[in-house]
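So the structure is just underneath, and the comments pick up after that.
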Amino acid sequence: MKWDTCDPKTAYVLHLADDALILGQRLSAWCGHGPILEQDIALTNVALDLIGLARQYYGYAAELIGDGCTENDLAFFRDSRAFTNHLLCEQPNGHWGDTLARQFFFDTFHFFQLEALQQSSDERLRHIAAKAIKETSYHAQFSAEWIIRMGDGTEESRSKITQSLRHFAPFALELFIPAQVDAAAHDLGFGPDVSVLESDWKEKIQSILTIATLSPLEWGFPKKGGKSGVHSEHHGYILAEMQSLARAYPDATW
Amino acid sequence: MSTTTHQWPLWEVFVRSKNGLAHKHVGSLHAPDSEMALKNARDVYTRRSEGISIWVVPSAAITASSPDEKDPLFAPSDDKVYRHPTFYDIPDEVGHM
Amino acid sequence: MGETHSLEDRFQAFVEAENKVEPKHWMPDGYRKTLVRQISQHAHSEIVGMLPEANWITRAPSLRAKLILLAKVQDEAGHGLYLYSAAETLGTSRDQMIDDLHSGKAKYSSIFNYPTLTWADMGAIGWLVDGAAIANQVMLCRTSYGPYSRAMVRICKEESFHQRQGFEIMMHLAKGTPEQKAMAQDALNRWWWPSIMMFGPSDDQSPNSAQSMKWRIKRKSNDELRQEFIDKTVPQAEFIGLTIPDPDLRWNEETGHYDFGTINWTEFFDVIAGNGPCNAERLAARQKAHDEGAWVREAAAAYAAKQASRSARRPAQTHAA
């Protein structure tokens, strides 16, 4: 497949795209099942923004690959080992607290990532990031607001969100451990050194946890591998579902 | 258990569609507090970017005039402040109404 | 005027003069009850109606299709919300309406009790189900109750993209590979009859219809709306080369309308009675979302209460501008 051997820039753009698509795909499964209409609509907006962002990145990657490659080839016809999304993004939705804890970690990272991408040597990435950071800052507020409400809400919500945050903390650490795909991007000037983002991120996370009256997190041992294409077992099922129709009729246009 | 115990209050939403125009009532929604109400109003009522400024007001904070005697549908007995159900505080023990 | 006329007479004259009734107006109890029943039923249909389409969001065959479907199902949540809000102005809380849905006391459109089996069903729902809904909603923009009418105007503005989206899916399928065309025809075969049943039983069997028309809640009869929908939809099917599954369907020069076959009302009433293919699944999904969301709603309510008592101890805030 032509995208298995792509250059560092394309690989990096695909990494950004995969995060947005896989997390957007997870969130889209909430649509119609949220705790109350207003929140169903709000979370779906986040899903829409992420899938919209994924399209911009895949579209750019498809241009870089050339040879008639399309955004849909990249989203629907690559196998799990070719995806380089973070493990955090592919974790199951669980309950509202799980989804929002996952989202809180990712949104906060995403904000700093997009801020750094505005210094990218690549004009297109700077452009995409400048637009996406507005949406992402809204996402980060939304997830933080919910962490605060669950933390400082009822005994039950406090206990649930504490568990959710603990559960996802080790996955969040992967965000800041460079793998080949983002290390190469940093060396070539397209992307940030993700390890540098960690202190700002932890400070922000901690400040929200304080408002939420929650204790500081113990981070645990990092769970990583997604960025190198070594995923959790969940990933295969996400793709099996997401890609089933496109792959069943590979010659069809929709 | 009665689900009304935890029903989020109702908010009225007003949107300024462009500068120079007054805020206009567009509808209502349920939210636990003003911050969430504002965020939800943005999500619910400006999904197609119809607004540049949003107000949210607790429905319970609105004092409304009654139709006067000249109004064809004036009824002397109708002195209710407003018909939204959340205007009426029903003790939880009463249950559903 | 006034004293010699009863309030009912004045109300009737008021709506016949095409005035809008507003929440604080006097209105007959029957008018209020009919509206609450109809508006909440309509709201429930939007919310339950999210489920058959949401079933395909995670499997949409292209990124564009995924975004459009997701946005569409989200719109339905918004429409449900506008409608619940309109019904709330009549004095019934959303929680009460939702409880009535879950207990089976309130109904919703029976079409959402059919399963979505293929991607073409996304096309058929948008084209036929939304098409039928729009015919009804356009009429309801002129309904006599102000908040309902305003909700409908808002919904109609947003809804037009839905039917186009559905028709576009059908068009792509009908012009696609042989498998795609077969998928489109199969979806039309399964959704056609339930769609034309959506307008409800014929006028002579519809007990509330006449009174609703008199109160200007409805402006057209079920049969009129059904006929308009069929007249509009048949040429669209021809345009994309699909066959409507009704051997009795033919153009009638004299009436200027399409004649169509006999509707199987037994099936309609069976599905309404709870015996459709997905009634249990749909209600269970709504109930589950509501139950599993309870602790979330409680958490935010508890937080708001704490904040309120904290800010009561602080000085007042700034003005809105």
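Ordering of the structure tokens sets the chain letters (A, B, ...); residue numbers start at 1 within each chain; ligands are numbered from 1 in the order shown.
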For chain C versus chain B, which residues have an atom no more than 9 Å away, and what is each residue's nearest atom pair and distance in Å rounded to one decimal, using only C-alpha atoms, chain-then-number order, as a tab-separated table?
residue	atom	partner	partner_atom	distance
C:Gly2	CA	B:Pro72	CA	8.0
C:Leu7	CA	B:Leu73	CA	7.2
C:Arg10	CA	B:Pro72	CA	6.5
C:Phe11	CA	B:Leu73	CA	6.5
C:Phe14	CA	B:Pro72	CA	7.3
C:Val21	CA	B:Leu73	CA	8.6
C:Pro23	CA	B:Arg83	CA	6.3
C:Lys24	CA	B:Tyr82	CA	6.5
C:His25	CA	B:Leu73	CA	5.5
C:Trp26	CA	B:Leu73	CA	5.2
C:Met27	CA	B:Leu73	CA	7.5
C:Asp75	CA	B:Arg47	CA	8.6
C:Ala77	CA	B:Val44	CA	8.9
C:Gly78	CA	B:Val44	CA	6.1
C:Leu81	CA	B:Leu29	CA	7.2
C:Tyr82	CA	B:Gly27	CA	6.9
C:Ser85	CA	B:Ser28	CA	6.1
C:Ala86	CA	B:Gly27	CA	8.3
C:Glu88	CA	B:His84	CA	5.6
C:Thr89	CA	B:His84	CA	4.8
C:Leu90	CA	B:Arg83	CA	5.9
C:Gly91	CA	B:Pro85	CA	4.7
C:Thr92	CA	B:Pro85	CA	5.8
C:Ser93	CA	B:Pro85	CA	5.5
C:Arg94	CA	B:Gln7	CA	8.7
C:Asp95	CA	B:Thr4	CA	6.4
C:Gln96	CA	B:His96	CA	7.4
C:Asp99	CA	B:Thr3	CA	8.4
C:Pro147	CA	B:Gly27	CA	8.7
C:Arg150	CA	B:Val26	CA	8.8
C:Ala151	CA	B:Gly27	CA	8.0
C:Glu158	CA	B:Arg48	CA	8.9
C:Ala294	CA	B:His6	CA	8.4
C:Arg297	CA	B:His6	CA	6.8
C:Glu298	CA	B:His6	CA	5.7
C:Ala300	CA	B:Pro32	CA	5.8
C:Ala301	CA	B:Pro32	CA	5.3
C:Ala302	CA	B:His6	CA	8.6
C:Tyr303	CA	B:Pro32	CA	8.3
C:Ala304	CA	B:Asp33	CA	5.6
C:Ala305	CA	B:Asp33	CA	8.8
C:Gln307	CA	B:Asp33	CA	8.9
C:Ala308	CA	B:Asp33	CA	8.9
C:Ala320	CA	B:Trp55	CA	8.1
If the cut-off is 6 Å, can you tell me the residues of chain C near chain A, counting only C-alpha atoms? I'd like them as a compact mmCIF listing (two decimals) with N, CA and C atoms, in the first residue's frame.
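Output contents, as saved in selection25.txt:
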# COMPACT_ATOMS: atom_id res chain seq x y z
N MET C 50 -33.99 9.50 16.44
CA MET C 50 -32.53 9.57 16.34
C MET C 50 -31.92 8.17 16.26
N THR C 58 -21.60 5.21 13.04
CA THR C 58 -20.24 4.66 13.17
C THR C 58 -19.84 3.82 11.96
N ARG C 59 -20.79 3.54 11.06
CA ARG C 59 -20.45 2.73 9.88
C ARG C 59 -20.58 3.50 8.56
N PRO C 61 -20.08 5.20 5.16
CA PRO C 61 -19.03 4.72 4.26
C PRO C 61 -18.02 5.77 3.80
N SER C 62 -18.22 7.04 4.14
CA SER C 62 -17.21 8.04 3.82
C SER C 62 -17.19 9.06 4.95
N GLN C 74 -28.01 15.01 15.14
CA GLN C 74 -27.91 16.06 16.16
C GLN C 74 -29.04 17.08 15.99
N HIS C 172 -27.17 8.67 -5.33
CA HIS C 172 -25.85 8.07 -5.51
C HIS C 172 -25.96 6.55 -5.61
N ALA C 289 -30.51 5.38 28.40
CA ALA C 289 -29.80 6.66 28.36
C ALA C 289 -30.26 7.54 29.53
N HIS C 290 -31.56 7.53 29.78
CA HIS C 290 -32.11 8.36 30.85
C HIS C 290 -31.63 7.88 32.22
N GLY C 293 -27.98 8.36 32.80
CA GLY C 293 -27.64 9.78 32.91
C GLY C 293 -28.06 10.39 34.22
N ALA C 299 -25.33 15.21 39.61
CA ALA C 299 -24.04 15.83 39.95
C ALA C 299 -24.06 17.31 39.61
N ALA C 300 -24.53 17.63 38.40
CA ALA C 300 -24.52 19.03 37.97
C ALA C 300 -25.50 19.85 38.79
N ALA C 302 -26.32 19.23 41.91
CA ALA C 302 -25.73 19.39 43.23
C ALA C 302 -24.65 20.47 43.21
N TYR C 303 -23.85 20.46 42.15
CA TYR C 303 -22.80 21.48 42.02
C TYR C 303 -23.42 22.88 41.93
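Shortest atom-to-atom contact with Leu16 of chain A among A:Glu233, A:Asp200, A:Glu123, A:Asp182: A:Asp182, counting only C-alpha atoms.
The coordinates place atom CA of Phe168 of chain A at 15.3 Å from atom CA of Leu214 of chain A.
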request  = Can you check which residues of segment 19-70 of chain B DSSP gives as alpha helix (DSSP H) on the backbone and send them as a list in words?
outcome  = Ser34, Glu35, Met36, Ala37, Leu38, Lys39, Asn40, Ala41, Arg42, Asp43, Val44 and Tyr45 of chain B
inquiry  = So that I can check the secondary structure, give me every residue of segment 79-280 of chain C assigned strand (DSSP E) by backbone DSSP, as a PyMOL selection string.
reply    = chain C and resi 250-252+257-259
Resulting file, chosen residues, N, CA, C and O atoms, as an mmCIF file, in the first residue's frame:
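Output saved as result-v2.cif:
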data_model
loop_
_atom_site.group_PDB
_atom_site.id
_atom_site.type_symbol
_atom_site.label_atom_id
_atom_site.label_comp_id
_atom_site.auth_asym_id
_atom_site.auth_seq_id
_atom_site.Cartn_x
_atom_site.Cartn_y
_atom_site.Cartn_z
ATOM 1 N N ARG C 250 -51.098 4.712 -9.922
ATOM 2 C CA ARG C 250 -51.128 5.276 -11.279
ATOM 3 C C ARG C 250 -51.687 6.687 -11.265
ATOM 4 O O ARG C 250 -52.434 7.079 -10.372
ATOM 5 N N TRP C 251 -51.258 7.451 -12.256
ATOM 6 C CA TRP C 251 -51.699 8.839 -12.384
ATOM 7 C C TRP C 251 -53.160 8.871 -12.794
ATOM 8 O O TRP C 251 -53.583 8.137 -13.688
ATOM 9 N N ASN C 252 -53.943 9.698 -12.161
ATOM 10 C CA ASN C 252 -55.359 9.844 -12.478
ATOM 11 C C ASN C 252 -55.566 11.214 -13.095
ATOM 12 O O ASN C 252 -55.481 12.244 -12.416
ATOM 13 N N HIS C 257 -54.285 13.636 -9.462
ATOM 14 C CA HIS C 257 -53.483 13.052 -8.383
ATOM 15 C C HIS C 257 -53.150 11.604 -8.718
ATOM 16 O O HIS C 257 -53.751 11.019 -9.608
ATOM 17 N N TYR C 258 -52.209 11.053 -7.967
ATOM 18 C CA TYR C 258 -51.950 9.619 -8.100
ATOM 19 C C TYR C 258 -52.964 8.833 -7.285
ATOM 20 O O TYR C 258 -53.262 9.176 -6.140
ATOM 21 N N ASP C 259 -53.507 7.766 -7.903
ATOM 22 C CA ASP C 259 -54.270 6.780 -7.136
ATOM 23 C C ASP C 259 -53.261 5.800 -6.547
ATOM 24 O O ASP C 259 -52.225 5.524 -7.157
#
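The environment of His25 of chain B within 10 Å, counting only C-alpha atoms and disregarding residues fewer than 6 places along the same chain, consists of Glu12, Val13, Phe14, Val15, Arg16, Ile54, Trp55 and Val56 of chain B.
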For the residues selected in the previous step, produce a file with N, CA and C atoms as a compact mmCIF listing (two decimals), in the first residue's frame.
# COMPACT_ATOMS: atom_id res chain seq x y z
N GLU B 12 -34.42 30.78 29.49
CA GLU B 12 -34.86 31.38 28.23
C GLU B 12 -33.61 31.90 27.52
N VAL B 13 -33.58 31.68 26.22
CA VAL B 13 -32.39 32.03 25.44
C VAL B 13 -32.70 33.19 24.48
N PHE B 14 -31.82 34.17 24.49
CA PHE B 14 -31.95 35.35 23.61
C PHE B 14 -30.68 35.48 22.78
N VAL B 15 -30.85 35.67 21.49
CA VAL B 15 -29.68 35.72 20.60
C VAL B 15 -29.68 37.03 19.82
N ARG B 16 -28.52 37.67 19.77
CA ARG B 16 -28.32 38.82 18.88
C ARG B 16 -27.73 38.26 17.58
N ILE B 54 -25.19 35.93 23.05
CA ILE B 54 -26.27 35.13 23.64
C ILE B 54 -26.53 35.58 25.07
N TRP B 55 -27.78 35.69 25.43
CA TRP B 55 -28.17 35.85 26.83
C TRP B 55 -28.93 34.61 27.26
N VAL B 56 -28.72 34.19 28.49
CA VAL B 56 -29.60 33.18 29.08
C VAL B 56 -30.16 33.74 30.38
key: Residues near segment 105-119 of chain A, cut-off 6 Å, only C-alpha atoms, skip fewer than 4 positions along chain, as a count of residues only   = 7
Excluding Ala65 of chain C and residues on its chain fewer than 5 positions from it, collect all residues at most 9 Å away from it, counting only C-alpha atoms, and give them as a PDB file with all heavy atoms, in the first residue's frame.
ATOM      1  N   TRP A 254     -20.026   6.915  -2.724  1.00  0.00           N
ATOM      2  CA  TRP A 254     -21.214   7.073  -1.881  1.00  0.00           C
ATOM      3  C   TRP A 254     -21.761   8.462  -1.967  1.00  0.00           C
ATOM      4  O   TRP A 254     -21.231   9.411  -1.727  1.00  0.00           O
ATOM      5  CB  TRP A 254     -20.888   6.696  -0.441  1.00  0.00           C
ATOM      6  CG  TRP A 254     -20.405   5.293  -0.354  1.00  0.00           C
ATOM      7  CD1 TRP A 254     -19.102   4.886  -0.410  1.00  0.00           C
ATOM      8  CD2 TRP A 254     -21.198   4.102  -0.240  1.00  0.00           C
ATOM      9  NE1 TRP A 254     -19.029   3.519  -0.330  1.00  0.00           N
ATOM     10  CE2 TRP A 254     -20.308   3.009  -0.228  1.00  0.00           C
ATOM     11  CE3 TRP A 254     -22.588   3.854  -0.163  1.00  0.00           C
ATOM     12  CZ2 TRP A 254     -20.753   1.685  -0.134  1.00  0.00           C
ATOM     13  CZ3 TRP A 254     -23.008   2.547  -0.063  1.00  0.00           C
ATOM     14  CH2 TRP A 254     -22.109   1.478  -0.047  1.00  0.00           C
TER      15      TRP A 254
ATOM     16  N   ILE C  57     -24.228   5.746  12.161  1.00  0.00           N
ATOM     17  CA  ILE C  57     -23.208   6.816  12.191  1.00  0.00           C
ATOM     18  C   ILE C  57     -21.806   6.215  12.198  1.00  0.00           C
ATOM     19  O   ILE C  57     -20.928   6.638  11.447  1.00  0.00           O
ATOM     20  CB  ILE C  57     -23.397   7.716  13.435  1.00  0.00           C
ATOM     21  CG1 ILE C  57     -24.677   8.548  13.309  1.00  0.00           C
ATOM     22  CG2 ILE C  57     -22.187   8.630  13.625  1.00  0.00           C
ATOM     23  CD1 ILE C  57     -25.060   9.301  14.574  1.00  0.00           C
ATOM     24  N   ALA C  60     -20.825   4.792   8.637  1.00  0.00           N
ATOM     25  CA  ALA C  60     -21.003   5.581   7.406  1.00  0.00           C
ATOM     26  C   ALA C  60     -19.818   5.337   6.477  1.00  0.00           C
ATOM     27  O   ALA C  60     -18.678   5.245   6.928  1.00  0.00           O
ATOM     28  CB  ALA C  60     -21.103   7.057   7.756  1.00  0.00           C
ATOM     29  N   LEU C  70     -24.188  12.569  11.177  1.00  0.00           N
ATOM     30  CA  LEU C  70     -24.040  12.974  12.582  1.00  0.00           C
ATOM     31  C   LEU C  70     -24.723  14.335  12.811  1.00  0.00           C
ATOM     32  O   LEU C  70     -25.454  14.520  13.799  1.00  0.00           O
ATOM     33  CB  LEU C  70     -22.540  13.042  12.912  1.00  0.00           C
ATOM     34  CG  LEU C  70     -22.102  13.261  14.357  1.00  0.00           C
ATOM     35  CD1 LEU C  70     -22.713  12.228  15.283  1.00  0.00           C
ATOM     36  CD2 LEU C  70     -20.569  13.192  14.448  1.00  0.00           C
ATOM     37  N   ILE C 169     -28.342  10.545  -1.047  1.00  0.00           N
ATOM     38  CA  ILE C 169     -27.857   9.178  -0.797  1.00  0.00           C
ATOM     39  C   ILE C 169     -28.533   8.207  -1.769  1.00  0.00           C
ATOM     40  O   ILE C 169     -27.878   7.387  -2.417  1.00  0.00           O
ATOM     41  CB  ILE C 169     -28.132   8.748   0.664  1.00  0.00           C
ATOM     42  CG1 ILE C 169     -27.246   9.549   1.624  1.00  0.00           C
ATOM     43  CG2 ILE C 169     -27.909   7.246   0.854  1.00  0.00           C
ATOM     44  CD1 ILE C 169     -27.511   9.251   3.102  1.00  0.00           C
TER      45      ILE C 169
END
